[in-house]
Each structure stands twice: as structure tokens, then as C-alpha cells.
file start-v1.csv (CSV, C-alpha atoms)
chain,number,residue,atom,x,y,z
Y,1,MET,CA,0.2,-19.8,94.2
Y,2,GLN,CA,0.3,-16.5,92.4
Y,3,SER,CA,-0.6,-18.2,89.1
Y,4,VAL,CA,-3.9,-18.9,90.7
Y,5,ALA,CA,-4.4,-15.7,92.5
Y,6,GLU,CA,-3.5,-13.2,89.8
Y,7,PRO,CA,-6.0,-14.2,87.0
Y,8,TRP,CA,-8.7,-14.6,89.6
Y,9,LEU,CA,-7.9,-11.2,90.9
Y,10,VAL,CA,-8.1,-9.7,87.4
Y,11,LEU,CA,-11.5,-11.2,86.8
Y,12,SER,CA,-12.7,-10.2,90.3
Y,13,ILE,CA,-12.0,-6.5,89.8
Y,14,GLY,CA,-13.8,-6.3,86.5
Y,15,GLY,CA,-11.3,-7.6,84.1
Y,16,SER,CA,-12.5,-9.3,80.8
Y,17,SER,CA,-11.1,-12.3,78.9
Y,18,PHE,CA,-9.2,-9.8,76.7
Y,19,LEU,CA,-7.6,-8.1,79.7
Y,20,LEU,CA,-6.7,-11.5,81.2
Y,21,GLY,CA,-5.0,-12.4,77.9
Y,22,LEU,CA,-3.3,-9.0,77.8
Y,23,ASP,CA,-1.9,-9.6,81.3
Y,24,ALA,CA,-0.5,-12.9,80.2
Y,25,PHE,CA,0.8,-11.3,77.0
Y,26,ALA,CA,2.6,-8.6,79.0
Y,27,MET,CA,4.4,-11.2,81.1
Y,28,ASN,CA,5.6,-13.2,78.1
Y,29,ALA,CA,5.9,-10.6,75.2
Y,30,PRO,CA,9.2,-9.1,76.4
Y,31,PHE,CA,10.9,-12.3,75.3
Y,32,TRP,CA,10.3,-11.2,71.7
Y,33,ILE,CA,12.4,-8.1,72.2
Y,34,LEU,CA,14.8,-9.1,75.0
Y,35,GLY,CA,15.0,-12.9,74.9
Y,36,LEU,CA,17.9,-13.0,72.5
Y,37,LEU,CA,19.7,-10.3,74.5
Y,38,GLY,CA,19.3,-12.4,77.6
Y,39,GLY,CA,20.9,-15.3,75.7
Y,40,ILE,CA,23.9,-13.2,74.7
Y,41,LEU,CA,24.3,-12.0,78.3
Y,42,ALA,CA,24.2,-15.6,79.5
Y,43,ASP,CA,27.1,-16.4,77.2
Y,44,ARG,CA,29.2,-13.3,77.9
Y,45,ALA,CA,28.6,-12.5,81.6
Y,46,ASP,CA,28.5,-14.1,85.0
Y,47,ARG,CA,25.2,-16.1,85.0
Y,48,SER,CA,24.8,-16.0,88.8
Y,49,LEU,CA,25.1,-12.2,88.8
Y,50,ILE,CA,22.5,-11.9,86.0
Y,51,ILE,CA,20.1,-14.0,88.1
Y,52,TYR,CA,20.7,-12.1,91.3
Y,53,VAL,CA,20.1,-8.7,89.7
Y,54,PHE,CA,17.0,-9.3,87.5
Y,55,GLN,CA,15.3,-11.8,89.8
Y,56,GLY,CA,15.9,-9.4,92.7
Y,57,ILE,CA,13.9,-6.7,90.8
Y,58,GLN,CA,11.3,-9.3,90.1
Y,59,MET,CA,11.0,-10.2,93.8
Y,60,LEU,CA,9.7,-6.7,94.4
Y,61,CYS,CA,6.7,-7.1,92.0
Y,62,PRO,CA,4.5,-9.3,94.2
Y,63,VAL,CA,5.4,-7.0,97.1
Y,64,LEU,CA,4.0,-4.1,95.1
Y,65,ILE,CA,0.8,-6.0,94.3
Y,66,VAL,CA,0.4,-6.8,98.0
Y,67,ALA,CA,0.7,-3.1,98.8
Y,68,LEU,CA,-1.8,-2.1,96.1
Y,69,VAL,CA,-4.4,-4.6,97.2
Y,70,ALA,CA,-3.9,-3.8,100.9
Y,71,LEU,CA,-4.4,0.0,100.2
Y,72,GLY,CA,-7.4,-0.6,98.0
Y,73,TRP,CA,-5.7,1.0,95.0
Y,74,VAL,CA,-5.3,-2.0,92.7
Y,75,LYS,CA,-6.5,-1.6,89.1
Y,76,VAL,CA,-6.3,-4.0,86.2
Y,77,TRP,CA,-3.8,-1.8,84.4
Y,78,MET,CA,-1.5,-1.8,87.4
Y,79,ILE,CA,-1.4,-5.6,87.5
Y,80,ILE,CA,-0.6,-5.6,83.7
Y,81,ALA,CA,2.2,-3.1,84.3
Y,82,VAL,CA,3.7,-5.3,87.0
Y,83,SER,CA,3.4,-8.3,84.8
Y,84,LEU,CA,5.3,-6.4,82.1
Y,85,ILE,CA,8.2,-5.8,84.6
Y,86,VAL,CA,8.2,-9.5,85.5
Y,87,GLY,CA,8.3,-10.3,81.8
Y,88,ILE,CA,11.3,-8.0,81.2
Y,89,THR,CA,13.3,-9.4,84.1
Y,90,ASP,CA,12.4,-13.0,83.1
Y,91,ALA,CA,13.5,-12.4,79.5
Y,92,LEU,CA,16.9,-11.1,80.6
Y,93,SER,CA,17.6,-13.7,83.3
Y,94,ALA,CA,15.8,-16.9,82.1
Y,95,PRO,CA,18.4,-17.9,79.5
Y,96,ALA,CA,21.1,-17.6,82.2
Y,97,PHE,CA,19.1,-19.8,84.6
Y,98,SER,CA,18.2,-22.3,81.9
Y,99,SER,CA,22.0,-22.6,81.1
Y,100,LEU,CA,23.0,-23.6,84.6
Y,101,ILE,CA,22.1,-27.3,84.6
Y,102,PRO,CA,23.6,-28.0,81.1
Y,103,SER,CA,26.8,-26.3,82.3
Y,104,ILE,CA,27.3,-28.5,85.4
Y,105,VAL,CA,26.3,-32.0,84.2
Y,106,SER,CA,27.8,-34.2,81.5
Y,107,ARG,CA,26.2,-34.6,78.1
Y,108,GLU,CA,25.2,-38.2,79.0
Y,109,ASP,CA,23.4,-37.0,82.2
Y,110,LEU,CA,21.7,-34.0,80.5
Y,111,ARG,CA,18.3,-35.7,79.7
Y,112,PRO,CA,17.7,-37.1,83.2
Y,113,ALA,CA,19.0,-33.9,84.8
Y,114,LEU,CA,16.5,-31.8,82.8
Y,115,ALA,CA,13.7,-34.3,83.5
Y,116,LEU,CA,14.4,-34.1,87.3
Y,117,ASN,CA,14.5,-30.3,87.0
Y,118,SER,CA,11.1,-30.4,85.3
Y,119,ILE,CA,9.7,-32.7,88.1
Y,120,GLN,CA,10.6,-30.1,90.8
Y,121,PHE,CA,9.2,-27.3,88.7
Y,122,ASN,CA,5.9,-29.2,88.3
Y,123,LEU,CA,5.8,-30.1,92.0
Y,124,SER,CA,5.2,-26.4,92.6
Y,125,ARG,CA,2.3,-26.6,90.1
Y,126,VAL,CA,0.8,-29.3,92.2
Y,127,LEU,CA,1.3,-27.8,95.6
Y,128,GLY,CA,0.9,-24.1,94.8
Y,129,PRO,CA,-2.6,-24.1,93.3
Y,130,ALA,CA,-3.9,-26.5,95.8
Y,131,ILE,CA,-2.7,-24.4,98.7
Y,132,ALA,CA,-3.7,-21.2,96.9
Y,133,GLY,CA,-7.3,-22.3,96.5
Y,134,LEU,CA,-7.6,-23.0,100.2
Y,135,ILE,CA,-5.8,-19.8,101.3
Y,136,MET,CA,-7.8,-17.5,99.0
Y,137,LEU,CA,-11.1,-19.0,100.2
Y,138,LYS,CA,-10.1,-18.4,103.9
Y,139,TYR,CA,-7.7,-15.4,103.9
Y,140,GLY,CA,-7.9,-13.7,100.4
Y,141,PHE,CA,-5.4,-12.8,97.7
Y,142,LEU,CA,-2.7,-11.1,99.8
Y,143,TRP,CA,-1.2,-14.3,101.2
Y,144,CYS,CA,-0.6,-15.8,97.8
Y,145,PHE,CA,1.4,-12.8,96.5
Y,146,GLY,CA,3.2,-12.6,99.8
Y,147,ALA,CA,4.2,-16.2,99.7
Y,148,ASN,CA,5.6,-15.7,96.1
Y,149,ALA,CA,7.7,-12.8,97.3
Y,150,ALA,CA,9.1,-14.9,100.2
Y,151,SER,CA,9.9,-17.8,97.9
Y,152,TYR,CA,12.7,-15.8,96.2
Y,153,ILE,CA,14.9,-16.1,99.4
Y,154,PRO,CA,15.5,-19.9,99.2
Y,155,PHE,CA,15.8,-19.4,95.4
Y,156,PHE,CA,18.7,-17.0,95.8
Y,157,LEU,CA,20.3,-19.3,98.4
Y,158,SER,CA,20.1,-22.2,96.0
Y,159,VAL,CA,21.9,-20.3,93.2
Y,160,TYR,CA,24.5,-19.2,95.7
Y,161,TRP,CA,25.0,-22.8,97.0
Y,162,LEU,CA,25.1,-24.1,93.4
Y,163,HIS,CA,27.9,-21.8,92.5
Y,164,PRO,CA,28.0,-22.5,88.8
Y,165,PRO,CA,31.4,-22.6,87.0
Y,166,GLY,CA,32.7,-19.4,85.4
Y,167,ARG,CA,32.5,-18.6,81.8
Y,168,SER,CA,35.1,-20.6,79.8
Y,169,LEU,CA,35.2,-18.8,76.5
Y,170,GLY,CA,38.8,-19.9,75.7
Y,171,PRO,CA,41.6,-18.0,73.9
Y,172,ASP,CA,40.1,-18.5,70.4
Y,173,ARG,CA,36.9,-16.7,71.2
Y,174,GLN,CA,37.6,-14.2,68.4
Y,175,ASN,CA,37.3,-17.1,65.9
Y,176,HIS,CA,33.8,-17.9,67.0
Y,177,ARG,CA,30.8,-16.7,65.0
Y,178,SER,CA,29.2,-13.5,66.1
Y,179,SER,CA,26.1,-13.9,68.3
Y,180,ILE,CA,23.8,-13.1,65.4
Y,181,ASP,CA,25.5,-15.6,63.1
Y,182,GLY,CA,25.3,-18.2,65.8
Y,183,ILE,CA,21.5,-17.6,66.3
Y,184,ARG,CA,21.0,-17.7,62.6
Y,185,ALA,CA,22.8,-21.0,62.3
Y,186,ILE,CA,20.7,-22.6,65.1
Y,187,ILE,CA,17.5,-21.5,63.5
Y,188,SER,CA,18.5,-22.5,60.0
Y,189,SER,CA,19.6,-26.0,61.1
Y,190,GLN,CA,17.3,-28.7,59.7
Y,191,LYS,CA,16.5,-30.3,63.0
Y,192,THR,CA,16.7,-27.4,65.5
Y,193,GLY,CA,14.7,-25.1,63.2
Y,194,TRP,CA,11.8,-27.5,63.0
Y,195,ALA,CA,12.0,-28.3,66.7
Y,196,LEU,CA,11.7,-24.6,67.5
Y,197,LEU,CA,8.7,-24.2,65.2
Y,198,SER,CA,7.0,-27.1,66.9
Y,199,ILE,CA,7.6,-25.5,70.3
Y,200,PHE,CA,6.4,-22.1,69.2
Y,201,CYS,CA,3.1,-23.5,67.7
Y,202,THR,CA,2.5,-25.5,70.9
Y,203,GLY,CA,2.9,-22.4,73.0
Y,204,PHE,CA,0.8,-20.3,70.6
Y,205,PHE,CA,-2.2,-22.6,70.2
Y,206,CYS,CA,-2.2,-24.8,73.3
Y,207,GLY,CA,-0.5,-22.7,75.9
Y,208,PRO,CA,-3.5,-20.4,76.4
Y,209,LEU,CA,-5.5,-23.4,77.8
Y,210,VAL,CA,-3.9,-22.7,81.2
Y,211,THR,CA,-4.2,-18.9,80.9
Y,212,PHE,CA,-8.0,-19.1,80.3
Y,213,SER,CA,-8.8,-22.0,82.6
Y,214,PRO,CA,-10.2,-19.4,85.1
Y,215,VAL,CA,-12.6,-18.2,82.4
Y,216,ILE,CA,-13.8,-21.8,81.9
Y,217,VAL,CA,-14.1,-22.4,85.6
Y,218,LYS,CA,-15.8,-19.1,86.6
Y,219,ASP,CA,-17.9,-18.2,83.6
Y,220,VAL,CA,-18.7,-21.5,81.8
Y,221,LEU,CA,-18.8,-24.0,84.7
Y,222,HIS,CA,-19.8,-21.5,87.4
Y,223,ALA,CA,-17.4,-22.9,89.9
Y,224,ASP,CA,-15.4,-21.2,92.7
Y,225,VAL,CA,-11.8,-20.4,93.3
Y,226,GLY,CA,-11.3,-23.6,95.3
Y,227,GLN,CA,-12.3,-25.7,92.3
Y,228,PHE,CA,-10.0,-23.6,90.1
Y,229,GLY,CA,-7.1,-24.4,92.4
Y,230,GLY,CA,-8.1,-28.0,92.0
Y,231,VAL,CA,-8.0,-28.0,88.2
Y,232,MET,CA,-4.7,-26.2,88.2
Y,233,THR,CA,-3.3,-28.8,90.6
Y,234,ALA,CA,-4.5,-31.4,88.1
Y,235,PHE,CA,-2.3,-29.7,85.4
Y,236,GLY,CA,0.6,-29.9,87.8
Y,237,ILE,CA,0.1,-33.6,88.4
Y,238,GLY,CA,0.2,-34.2,84.7
Y,239,GLY,CA,3.3,-32.1,84.5
Y,240,MET,CA,5.0,-34.3,87.1
Y,241,LEU,CA,4.1,-37.6,85.4
Y,242,GLY,CA,5.6,-36.4,82.1
Y,243,PRO,CA,9.3,-36.3,83.3
Y,244,LEU,CA,8.8,-39.7,84.9
Y,245,LEU,CA,7.9,-41.1,81.5
Y,246,ILE,CA,11.1,-39.5,80.1
Y,247,LEU,CA,13.2,-41.0,82.8
Y,248,LEU,CA,11.7,-44.5,82.2
Y,249,THR,CA,11.9,-44.4,78.4
Y,250,MET,CA,14.9,-42.2,77.5
Y,251,LYS,CA,17.0,-45.1,76.4
Y,252,HIS,CA,14.4,-46.2,73.9
Y,253,PHE,CA,13.1,-42.9,72.3
Y,254,ALA,CA,15.0,-40.1,70.8
Y,255,PRO,CA,14.1,-36.7,72.5
Y,256,LEU,CA,13.1,-35.0,69.2
Y,257,ARG,CA,10.6,-37.7,68.3
Y,258,MET,CA,9.2,-37.8,71.8
Y,259,SER,CA,8.7,-34.0,71.7
Y,260,LEU,CA,6.9,-34.0,68.4
Y,261,SER,CA,4.6,-36.9,69.4
Y,262,ALA,CA,3.7,-35.2,72.7
Y,263,ALA,CA,3.0,-31.9,71.0
Y,264,LEU,CA,0.6,-33.5,68.6
Y,265,CYS,CA,-1.2,-35.2,71.5
Y,266,TYR,CA,-1.4,-31.8,73.3
Y,267,GLY,CA,-3.2,-30.4,70.3
Y,268,PHE,CA,-5.9,-33.1,70.5
Y,269,PHE,CA,-6.4,-32.4,74.2
Y,270,THR,CA,-6.8,-28.7,73.5
Y,271,MET,CA,-9.6,-29.6,71.0
Y,272,ALA,CA,-11.3,-31.7,73.6
Y,273,VAL,CA,-11.5,-28.8,76.1
Y,274,SER,CA,-14.2,-27.3,73.7
Y,275,THR,CA,-16.6,-30.1,74.9
Y,276,VAL,CA,-16.2,-29.8,78.7
Y,277,GLY,CA,-19.4,-29.5,80.7
Y,278,ALA,CA,-18.1,-30.2,84.3
Y,279,VAL,CA,-15.1,-29.4,86.4
Y,280,TRP,CA,-14.0,-33.0,86.7
Y,281,GLN,CA,-13.8,-33.2,82.9
Y,282,LEU,CA,-11.7,-30.1,82.7
Y,283,ALA,CA,-9.4,-31.6,85.4
Y,284,VAL,CA,-8.9,-34.8,83.5
Y,285,LEU,CA,-8.0,-32.9,80.3
Y,286,LEU,CA,-5.6,-30.7,82.3
Y,287,VAL,CA,-3.8,-33.8,83.7
Y,288,GLY,CA,-3.3,-34.9,80.1
Y,289,SER,CA,-2.3,-31.4,79.0
Y,290,GLY,CA,0.2,-31.0,81.7
Y,291,PHE,CA,1.7,-34.4,80.9
Y,292,PHE,CA,2.1,-33.7,77.2
Y,293,ILE,CA,3.3,-30.2,77.4
Y,294,THR,CA,6.0,-31.2,79.9
Y,295,VAL,CA,7.1,-34.2,77.7
Y,296,ALA,CA,7.1,-32.0,74.6
Y,297,ASN,CA,9.1,-29.0,76.1
Y,298,THR,CA,11.5,-31.0,78.3
Y,299,SER,CA,12.4,-33.4,75.4
Y,300,ALA,CA,12.8,-30.4,73.0
Y,301,ASN,CA,15.0,-28.6,75.5
Y,302,THR,CA,17.1,-31.8,75.9
Y,303,PHE,CA,17.5,-32.1,72.2
Y,304,LEU,CA,18.4,-28.4,71.7
Y,305,GLN,CA,20.9,-28.4,74.6
Y,306,SER,CA,22.5,-31.6,73.4
Y,307,GLU,CA,23.2,-29.8,70.1
Y,308,ALA,CA,24.8,-26.8,71.9
Y,309,ASN,CA,28.2,-26.1,73.4
Y,310,ASP,CA,29.1,-23.9,76.3
Y,311,GLN,CA,29.9,-20.9,74.0
Y,312,ASN,CA,26.4,-20.8,72.6
Y,313,ARG,CA,24.4,-22.5,75.3
Y,314,GLY,CA,22.8,-19.2,76.4
Y,315,GLN,CA,21.7,-18.4,72.8
Y,316,VAL,CA,20.1,-21.9,72.5
Y,317,ALA,CA,18.3,-21.4,75.8
Y,318,SER,CA,17.1,-17.9,74.7
Y,319,LEU,CA,15.7,-19.3,71.4
Y,320,PHE,CA,13.9,-22.1,73.4
Y,321,MET,CA,12.5,-19.5,75.8
Y,322,LEU,CA,11.5,-17.3,72.9
Y,323,ALA,CA,9.7,-20.1,71.2
Y,324,THR,CA,7.8,-21.2,74.4
Y,325,ARG,CA,7.2,-17.8,76.1
Y,326,GLY,CA,7.0,-15.8,72.9
Y,327,GLY,CA,4.5,-18.2,71.3
Y,328,LEU,CA,2.5,-18.2,74.5
Y,329,SER,CA,2.4,-14.4,74.7
Y,330,LEU,CA,1.0,-14.1,71.1
Y,331,GLY,CA,-1.3,-17.0,71.7
Y,332,ASN,CA,-2.8,-15.5,74.8
Y,333,LEU,CA,-3.5,-12.2,73.1
Y,334,VAL,CA,-5.1,-13.8,70.0
Y,335,THR,CA,-7.1,-16.3,72.0
Y,336,GLY,CA,-8.3,-13.7,74.5
Y,337,THR,CA,-9.5,-11.6,71.5
Y,338,PHE,CA,-11.2,-14.6,69.9
Y,339,ILE,CA,-13.0,-15.5,73.2
Y,340,GLY,CA,-14.2,-11.9,73.5
Y,341,LEU,CA,-15.6,-12.0,69.9
Y,342,SER,CA,-17.0,-15.6,70.1
Y,343,ASN,CA,-16.7,-18.0,73.1
Y,344,VAL,CA,-14.2,-20.1,74.9
Y,345,HIS,CA,-15.4,-23.4,73.4
Y,346,ASP,CA,-14.9,-22.2,69.8
Y,347,ALA,CA,-11.6,-20.7,70.6
Y,348,PHE,CA,-10.0,-23.9,71.8
Y,349,LEU,CA,-11.6,-26.0,69.1
Y,350,VAL,CA,-10.0,-23.8,66.5
Y,351,ASN,CA,-6.7,-23.6,68.4
Y,352,GLY,CA,-6.6,-27.4,68.8
Y,353,LEU,CA,-7.3,-28.0,65.1
Y,354,LEU,CA,-4.6,-25.6,64.0
Y,355,ALA,CA,-2.1,-27.1,66.5
Y,356,VAL,CA,-2.7,-30.7,65.2
Y,357,GLY,CA,-2.5,-29.6,61.6
Y,358,ILE,CA,0.8,-27.7,62.0
Y,359,GLN,CA,2.4,-30.5,64.1
Y,360,ILE,CA,1.6,-33.1,61.4
Y,361,PHE,CA,3.1,-30.7,58.8
Y,362,VAL,CA,6.3,-30.3,60.9
Y,363,VAL,CA,6.6,-34.1,61.4
Y,364,ARG,CA,6.1,-34.8,57.7
Y,365,ARG,CA,8.6,-32.2,56.6
Y,366,LEU,CA,11.3,-33.1,59.1
Y,367,PHE,CA,11.2,-36.9,58.7
Y,368,GLN,CA,10.7,-36.7,54.9
Y,369,LYS,CA,13.9,-34.7,54.7
Y,370,GLN,CA,15.7,-37.2,56.9
Y,371,ALA,CA,14.6,-40.0,54.7
Y,372,LYS,CA,16.0,-38.5,51.5
Y,373,PRO,CA,19.3,-40.0,50.4
Y,374,HIS,CA,22.4,-37.8,50.6

call {"tool": "encode", "arguments": {"input": "start-v1.csv", "output": "C-alpha cells"}}
result
Amino acid sequence: MQSVAEPWLVLSIGGSSFLLGLDAFAMNAPFWILGLLGGILADRADRSLIIYVFQGIQMLCPVLIVALVALGWVKVWMIIAVSLIVGITDALSAPAFSSLIPSIVSREDLRPALALNSIQFNLSRVLGPAIAGLIMLKYGFLWCFGANAASYIPFFLSVYWLHPPGRSLGPDRQNHRSSIDGIRAIISSQKTGWALLSIFCTGFFCGPLVTFSPVIVKDVLHADVGQFGGVMTAFGIGGMLGPLLILLTMKHFAPLRMSLSAALCYGFFTMAVSTVGAVWQLAVLLVGSGFFITVANTSANTFLQSEANDQNRGQVASLFMLATRGGLSLGNLVTGTFIGLSNVHDAFLVNGLLAVGIQIFVVRRLFQKQAKPH
């Protein structure tokens, strides 16, 4: 719900496309500085405690926005500052949270477990925007931020009920590589390195499509917040269909190949957004975009976690989050600047072309190397 309310609020109080991109950048940029630290924490500390502490701080952020809006003090820079706090707490806690499911299921069950997790996540993308659009039309912004704050309570109860197993570093921990060496090994690996590059480019070039959808809806298509909630719901529906495909086809397609194929398709859909002239066209493209980004990221995460062990699982999760959220943060900033200098259609045409070109390059390099005789 807040993902709909916040960008619309920024635009409603005088924010520009650049400021909208800056707000999204502030929420994702901390992964560049703190994401790897979050992965190290996830591997060396109690993951539940990490989640409680940092997500507890994050819970106060929508409460603060509610207070600022209610008092009439809200400014764009205040929203950006709160987004920065959210980004910092996310960077330090997301690797711990992402490590929970791989730590409690067997390797054989990892792919369907991550697909099911992705389904429940995207269910919120379906229900949240649809409800938010109706509530904002009738009651205003406050209820969306308030609902987000309240949602942390069942979240904390779920983590407590889950009670993930403690760290099992073993007596030979001193013989393991240092954290930096472990991260370097993951990046330099032939398959995992190219997979991370693919994820990063998808976030950088295609991820801003969701961030700047309110600009397309409000300034290009001249639609209202209810219709914006509808197109964001369309993105969530596509996101739910993606994991279903994974569950149905996981015995027939390797996760890395599926990830690269979906990322390539997402680039084409990003290009197609440059031609939209109606809300329904944008909604159709967002269904496809939600589908392909979910397949790409879930399959890539499955591949990366299947290559990990419990001693470096947090580091692998942090690199995945750094590629997705870090790429998105830079992409939002660059795309927002591009839109300010040109227009939203040209921005997504260029983004889509670059995304497709880079994904083709990654596929060629990866599978050409695999085809070479040893």
C-alpha cells in the first residue's frame, strides 16, 4: 500500500521526476555501502535478533510519515530522509531474512520453497495497490502508511514462530576463508559472477519501470490514483504468475537458464513501455514485466543459494540483494535524471535497448565458456 501512496505523495506535494528517483535511490542506495556488512552479520550473528532490531527501527518510519502528514509539516526532503533510514535498516537485515528459508529447507526443496515465498510476496503486490488506490481516493494517504506500520506486528510474530535454527559454524571455522575472500570467490566464479551481472543490469535498466509508473500514469496518461493502483496491481498479478511457472517447469529447466531468458524478455517489455498511449496498455505490459522480473530474480536466487553453504549463505544473499537493490538504486537515479532532461518514453526505450544488449552479451559469454572443452 505504501508503494502506491509514497510516490503519489511525492508528486502531489511538488516533487519532480528527479526527486521521485532520488527517493527511490535513497531507499536502495545503502545496499552499496552496508549490504555486504549485512551479509557478514547474517553469517556471524543471530539472524532473528538482526531482523527484530533493524525491522523494529523501520517500523517507526511510516509512523513518522503519518505524523508529518497529519501535522501538515511534510516536505519532499523529509520523505527522502525517511526512505534513507528504511534503506539502511533493509541493507543490514535483508540478508538475514533472505537466509532464513534456505537454512530451514533441504537443498532439494529450495527451488519450490523460494517460488512459494515469491508468490506470497507478490500477493501483497496484488492486494496492496488495489486496496491503496481505493483508500487514497476515499480517505487519503494516512491510512496507507498506517497500515504499513501495523503490518510489522504479524511479521515479527511470524519470525518468532518460525524460530530459525542457530548458527552452526562448526569447530573448524578458523579454516574458512575470510568474509572478503569468500565474497571475492563468489563474484569471480564463472557462473555466479555472470548471474550477478545479469541481475544487476535487470535492476538498473528495467527496475525503474515500477518506480516511474506514477509519472506515466499521472503526467503522460493523465489518469488518477485509482488507475495507478490498478496498474500496480497488474504488476503484482504478473509477479504471482511467475513463481507458478517455476513450480510447473522446475524439473525441466535449469534455474540459471530460466533467469537469463526471463531477464532478456523483461528488457523487451521495458522497451515496449515507450509506446504506451493508454492505461490498459501499461497494465498489460506491467503484467508481463511482473512475470519476467519474478522469474528472473527467483530463479537467480535459487541458483545462487544452491551454490552456497550455511557458512556463506548470508554473504550470497547480500550479493544478490546488492545486485537487485543496488542496481535499482542507481537505475532510478539515472533514469529520473534522463526523464527530467528528455521524456519518459525515450528513457525507457534506451533502458530497454541497453538491457537487451547486455543480457545477450551475458548469455553469449556464459554459454560460450561452458561450451569450450576443458

call {"tool": "closest_residue", "arguments": {"input": "start-v1.csv", "among": "Y:Gly193, Y:Pro95, Y:Pro208, Y:Gly56", "to": "Leu328 (chain Y)", "atoms": "only C-alpha atoms"}}
result
Y:Pro208

call {"tool": "closest_residue", "arguments": {"input": "start-v1.csv", "among": "Y:Val69, Y:Ala272, Y:Val210, Y:Met78", "to": "Gly15 (chain Y)", "atoms": "only C-alpha atoms"}}
result
Y:Met78

call {"tool": "residues_near_point", "arguments": {"input": "start-v1.csv", "point": "(7.7, -25.9, 94.2)", "cutoff": "12 Å", "atoms": "only C-alpha atoms", "output": "count of residues only"}}
result
25

call {"tool": "atom_distance", "arguments": {"input": "start-v1.csv", "atom1": "CA of Gly239 (chain Y)", "atom2": "CA of Ile51 (chain Y)"}}
result
25.0 Å

call {"tool": "atom_distance", "arguments": {"input": "start-v1.csv", "atom1": "CA of Ser17 (chain Y)", "atom2": "CA of Val215 (chain Y)"}}
result
7.0 Å

call {"tool": "closest_residue", "arguments": {"input": "start-v1.csv", "among": "Y:Trp8, Y:Tyr52, Y:Phe97, Y:Phe200", "to": "Arg313 (chain Y)", "atoms": "all atoms listed in the file"}}
result
Y:Phe97

call {"tool": "residues_around", "arguments": {"input": "start-v1.csv", "residues": "Leu60 (chain Y)", "least_positions_apart": "5", "cutoff": "12 Å", "atoms": "all atoms listed in the file", "output": "JSON, numbers by chain"}}
result
{"Y": [53, 54, 55, 65, 66, 67, 82, 83, 85, 86, 89, 145, 146, 148, 149, 150, 151, 152, 153]}

call {"tool": "atom_distance", "arguments": {"input": "start-v1.csv", "atom1": "CA of Ser103 (chain Y)", "atom2": "CA of Ala42 (chain Y)"}}
result
11.4 Å

call {"tool": "residues_around", "arguments": {"input": "start-v1.csv", "residues": "Thr202 (chain Y)", "least_positions_apart": "6", "cutoff": "8 Å", "atoms": "only C-alpha atoms", "output": "JSON, numbers by chain"}}
result
{"Y": [263, 266, 267, 324, 327, 355]}

call {"tool": "closest_residue", "arguments": {"input": "start-v1.csv", "among": "Y:Thr211, Y:Ser12, Y:Ser261, Y:Ser98", "to": "Arg47 (chain Y)", "atoms": "all atoms listed in the file"}}
result
Y:Ser98
